[in-house]
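Single-structure report; data block below.
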Amino acid sequence: MSNRKTSLPKRDSEDKYSILLPTYNERENLPLIVWLLVKYLEDGGYQYEIVVIDDGSPDGTLQVAEQLQQIYGEDKILLRPRAKKLGLGTAYIHGMRHATGNFIIIMDADLSHHPKFIPEFIQKQKEGDYDLVSGTRYHGNGGVYGWDLRRKLISRGANFLSQVLLRPGASDLTGSFRLYKRSVLECLVERCVSKGYVFQMEMIVRARQLNYSVGEVPISFVDRVYGESKLGGNEIVSFGKGLITLFATT
């Protein structure tokens with residue numbers, strides 16, 4: 001995995017970045033991902049807040065988040081829990097209602113997405129005034145690490161089928177590490193009807209329909225260290241159904 005040094009762009013003092021972290025059973029991962037976020041955002045001189053949306057995790061994730069809030073402060077760590085799992089799309093809507101940034105960053109809380117790429121996302125957005133910037137595993141020097149052959153085949157196959165059927169103009173439809181202008185994310189979320197893993201794909205497709213500009217940054221995706229993957233047979237079937245629906249309706 002190569003190290004990248006990015007020359008940081010000139011700061012806009014009015015820009016603020018709200019990082020939305022939906023969580024479910026992430027008590028081991030949450031302290032480290034928050035520490036990394038604080039490190040890279042503070043080092044870059046960005047205004048930011050981290051919004052944790054926990055969906056009733058039985059492993060005590062919310063209690064860990066409360067301790068992190070005491071460490072970093074209520075202005076940096078916002079806790080917006082929900083009683084149970086209600087879906088990724090609604091988690092983003094819930095988080096945005098409480099976020100104060102004019103840019104929204106969505107990412108996984110399981111350490112699959114390294115915060116070191118966030119300065120590159122921000123620089124990319126500034127370069128082209130992109131409406132959204134998406135991390136890609138399948139372009140440039142992006143890649144996937146830690147997956148077995150089955151998982152790689154599923155991901156590659158899903159992305160290939162999506163490219164053929166939907167022609168989205170982006171190289172990685174199923175990724176979930178992205179930066180949005182707040183107004184753009186609000187608009188897209190209102191129009192998306194999918195749930196689960198299909199939701200991220202629909203966001204890119206709807207963005208294309210609405211002529212939003214999309215930038216890409218190659219990222220290294222690393223499989224989770226703690227906890228279990230939430231990808232199962234039901235999610236794969238739902239993805240297939242969602243892909244067919246999007247093909248028929250877009």
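All residue names refer to the structure tokens as shown: chains lettered A, B, ... in order, residues numbered from 1 in each chain, ligands numbered from 1 in order.
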Residues near Ala170 in chain A, anyone? I mean within 8 Å using only C-alpha atoms, not counting same-chain ones fewer than 2 positions away, as a PDB file with C-alpha atoms, in the first residue's frame.
```pdb
ATOM      1  CA  PRO A 168     -23.290   5.585 -14.317  1.00  0.00           C
ATOM      2  CA  ASP A 172     -17.155   2.256  -8.212  1.00  0.00           C
ATOM      3  CA  LEU A 173     -20.901   2.231  -7.654  1.00  0.00           C
ATOM      4  CA  ILE A 204     -24.620   7.678  -8.058  1.00  0.00           C
ATOM      5  CA  VAL A 214     -18.794  13.436  -9.815  1.00  0.00           C
ATOM      6  CA  GLU A 216     -13.200  10.217  -7.963  1.00  0.00           C
TER       7      GLU A 216
END
```
Do you know which residues are at most 10 Å from Ile93 in chain A counting only C-alpha atoms, after dropping those on the same chain fewer than 4 positions away, and could you put them as a list in words?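 Everything that qualifies: Leu20, Leu88, Gly89, Arg97, His98, Ala99, Leu185, Glu186, Val189 and Glu190 of chain A.
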Residue subset to file, keeping all heavy atoms, as a compact mmCIF listing (two decimals), in the first residue's frame:
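Once everything was written out, this is selection-v5.txt:
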```
# COMPACT_ATOMS: atom_id res chain seq x y z
N LEU A 20 -20.62 11.66 8.81
CA LEU A 20 -21.71 10.82 9.32
C LEU A 20 -21.20 9.39 9.49
O LEU A 20 -20.73 8.78 8.53
CB LEU A 20 -22.90 10.84 8.37
CG LEU A 20 -23.49 12.20 8.01
CD1 LEU A 20 -24.79 12.03 7.21
CD2 LEU A 20 -23.74 13.06 9.24
N LEU A 88 -29.80 2.35 6.03
CA LEU A 88 -28.71 3.29 5.82
C LEU A 88 -29.20 4.65 5.35
O LEU A 88 -28.75 5.69 5.83
CB LEU A 88 -27.72 2.71 4.80
CG LEU A 88 -26.38 3.41 4.64
CD1 LEU A 88 -25.63 3.41 5.96
CD2 LEU A 88 -25.56 2.74 3.55
N GLY A 89 -30.16 4.65 4.42
CA GLY A 89 -30.66 5.91 3.90
C GLY A 89 -31.28 6.77 4.99
O GLY A 89 -31.01 7.98 5.06
N ARG A 97 -30.02 15.96 9.59
CA ARG A 97 -30.90 16.86 10.33
C ARG A 97 -30.16 17.55 11.47
O ARG A 97 -30.54 18.66 11.88
CB ARG A 97 -32.11 16.09 10.88
CG ARG A 97 -33.14 15.71 9.82
CD ARG A 97 -34.20 14.82 10.40
NE ARG A 97 -35.20 14.45 9.40
CZ ARG A 97 -36.07 13.44 9.54
NH1 ARG A 97 -36.06 12.72 10.67
NH2 ARG A 97 -36.94 13.17 8.60
N HIS A 98 -29.15 16.88 11.97
CA HIS A 98 -28.41 17.41 13.11
C HIS A 98 -27.04 17.95 12.73
O HIS A 98 -26.38 18.59 13.56
CB HIS A 98 -28.25 16.32 14.18
CG HIS A 98 -29.56 15.77 14.67
ND1 HIS A 98 -30.34 16.41 15.60
CD2 HIS A 98 -30.23 14.64 14.33
CE1 HIS A 98 -31.44 15.69 15.82
NE2 HIS A 98 -31.40 14.62 15.07
N ALA A 99 -26.59 17.70 11.50
CA ALA A 99 -25.28 18.16 11.06
C ALA A 99 -25.33 19.65 10.74
O ALA A 99 -26.34 20.17 10.29
CB ALA A 99 -24.84 17.37 9.83
N LEU A 185 -26.54 16.13 -1.36
CA LEU A 185 -26.91 14.91 -0.63
C LEU A 185 -28.37 14.95 -0.20
O LEU A 185 -29.09 13.95 -0.32
CB LEU A 185 -26.01 14.74 0.58
CG LEU A 185 -26.25 13.46 1.42
CD1 LEU A 185 -26.12 12.22 0.58
CD2 LEU A 185 -25.30 13.42 2.61
N GLU A 186 -28.84 16.10 0.25
CA GLU A 186 -30.24 16.22 0.64
C GLU A 186 -31.15 15.93 -0.54
O GLU A 186 -32.17 15.23 -0.39
CB GLU A 186 -30.50 17.62 1.19
CG GLU A 186 -29.86 17.88 2.54
CD GLU A 186 -29.98 19.33 2.98
OE1 GLU A 186 -30.22 20.20 2.11
OE2 GLU A 186 -29.85 19.59 4.19
N VAL A 189 -30.93 12.04 -1.45
CA VAL A 189 -31.58 11.17 -0.45
C VAL A 189 -33.09 11.23 -0.60
O VAL A 189 -33.79 10.22 -0.43
CB VAL A 189 -31.13 11.57 0.97
CG1 VAL A 189 -32.04 10.93 2.01
CG2 VAL A 189 -29.69 11.16 1.22
N GLU A 190 -33.62 12.40 -0.92
CA GLU A 190 -35.07 12.54 -1.10
C GLU A 190 -35.58 11.69 -2.26
O GLU A 190 -36.73 11.23 -2.24
CB GLU A 190 -35.42 14.00 -1.36
CG GLU A 190 -35.32 14.90 -0.14
CD GLU A 190 -35.63 16.34 -0.48
OE1 GLU A 190 -35.89 16.63 -1.68
OE2 GLU A 190 -35.61 17.18 0.43
```
Mind checking which residues fall within 9 Å of Ser57 in chain A, counting only C-alpha atoms, ignoring those fewer than 2 positions away in the same chain, and posting them as a ChimeraX atom specification? /A:23-27,54-55,59-62,83-85
Just the residues within 9 Å of Val38 in chain A, please, counting only C-alpha atoms, with nothing from its chain fewer than 3 positions along; format it as a list in words.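 Contacts, with the query itself left out: Ile33, Val34, Trp35, Leu41, Glu42, Asp43, Tyr48, Ile50, Tyr72, Lys76 and Pro115 of chain A.
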Taking 4 positions as the minimum chain separation for residues in the same chain, which residues sit within 6 Å of range 180-182 of chain A when counting only C-alpha atoms? Answer as a VMD selection string. chain A and resid 102 to 104 131 to 132
To one decimal in Å, tell me the separation between CA of Leu210 in chain A and CA of Leu188 in chain A. 8.9 Å
Once DSSP has gone over the backbone, tell me which residues of range 127-168 of chain A are in strand (DSSP E or B), as number ranges by chain. A: 132-136, 143-145
Mind listing the helix (DSSP H, G or I) residues of range 17-217 of chain A, per DSSP on the backbone, as a VMD selection string? chain A and resid 30 to 44 61 to 72 88 to 98 115 to 128 149 to 166 182 to 191 198 to 209
Report as a list in words all protein, DNA and RNA residues lying within 10 Å of Asp108 in chain A, evaluated on only C-alpha atoms, omitting residues in the same chain fewer than 6 positions from it. Leu20, Leu21, Pro22, Thr23, Ile33, His114, Gly175, Ser176, Phe177 and Arg224 of chain A
Output the selection as a PDB file, in the first residue's frame - N, CA and C atoms for each residue.
```pdb
ATOM      1  N   LEU A  20     -20.621  11.656   8.813  1.00  0.00           N
ATOM      2  CA  LEU A  20     -21.708  10.823   9.325  1.00  0.00           C
ATOM      3  C   LEU A  20     -21.201   9.393   9.490  1.00  0.00           C
ATOM      4  N   LEU A  21     -21.321   8.872  10.701  1.00  0.00           N
ATOM      5  CA  LEU A  21     -20.866   7.509  10.995  1.00  0.00           C
ATOM      6  C   LEU A  21     -22.042   6.671  11.501  1.00  0.00           C
ATOM      7  N   PRO A  22     -22.776   6.003  10.613  1.00  0.00           N
ATOM      8  CA  PRO A  22     -23.778   5.044  11.072  1.00  0.00           C
ATOM      9  C   PRO A  22     -23.064   3.844  11.697  1.00  0.00           C
ATOM     10  N   THR A  23     -23.521   3.411  12.861  1.00  0.00           N
ATOM     11  CA  THR A  23     -22.856   2.296  13.545  1.00  0.00           C
ATOM     12  C   THR A  23     -23.857   1.242  13.993  1.00  0.00           C
ATOM     13  N   ILE A  33     -11.389   4.706  14.778  1.00  0.00           N
ATOM     14  CA  ILE A  33     -11.799   5.502  13.619  1.00  0.00           C
ATOM     15  C   ILE A  33     -11.989   6.964  14.028  1.00  0.00           C
ATOM     16  N   HIS A 114     -10.077   4.519   5.346  1.00  0.00           N
ATOM     17  CA  HIS A 114      -9.091   5.218   6.164  1.00  0.00           C
ATOM     18  C   HIS A 114      -9.268   6.730   6.028  1.00  0.00           C
ATOM     19  N   GLY A 175     -19.293   1.460  -3.566  1.00  0.00           N
ATOM     20  CA  GLY A 175     -18.532   1.999  -2.451  1.00  0.00           C
ATOM     21  C   GLY A 175     -19.348   2.959  -1.613  1.00  0.00           C
ATOM     22  N   SER A 176     -18.919   3.159  -0.374  1.00  0.00           N
ATOM     23  CA  SER A 176     -19.692   4.026   0.531  1.00  0.00           C
ATOM     24  C   SER A 176     -18.801   5.032   1.249  1.00  0.00           C
ATOM     25  N   PHE A 177     -17.733   5.444   0.584  1.00  0.00           N
ATOM     26  CA  PHE A 177     -16.838   6.469   1.112  1.00  0.00           C
ATOM     27  C   PHE A 177     -16.925   7.654   0.163  1.00  0.00           C
ATOM     28  N   ARG A 224     -12.588  -5.200   7.460  1.00  0.00           N
ATOM     29  CA  ARG A 224     -12.692  -4.882   8.879  1.00  0.00           C
ATOM     30  C   ARG A 224     -11.777  -5.778   9.709  1.00  0.00           C
TER      31      ARG A 224
END
```
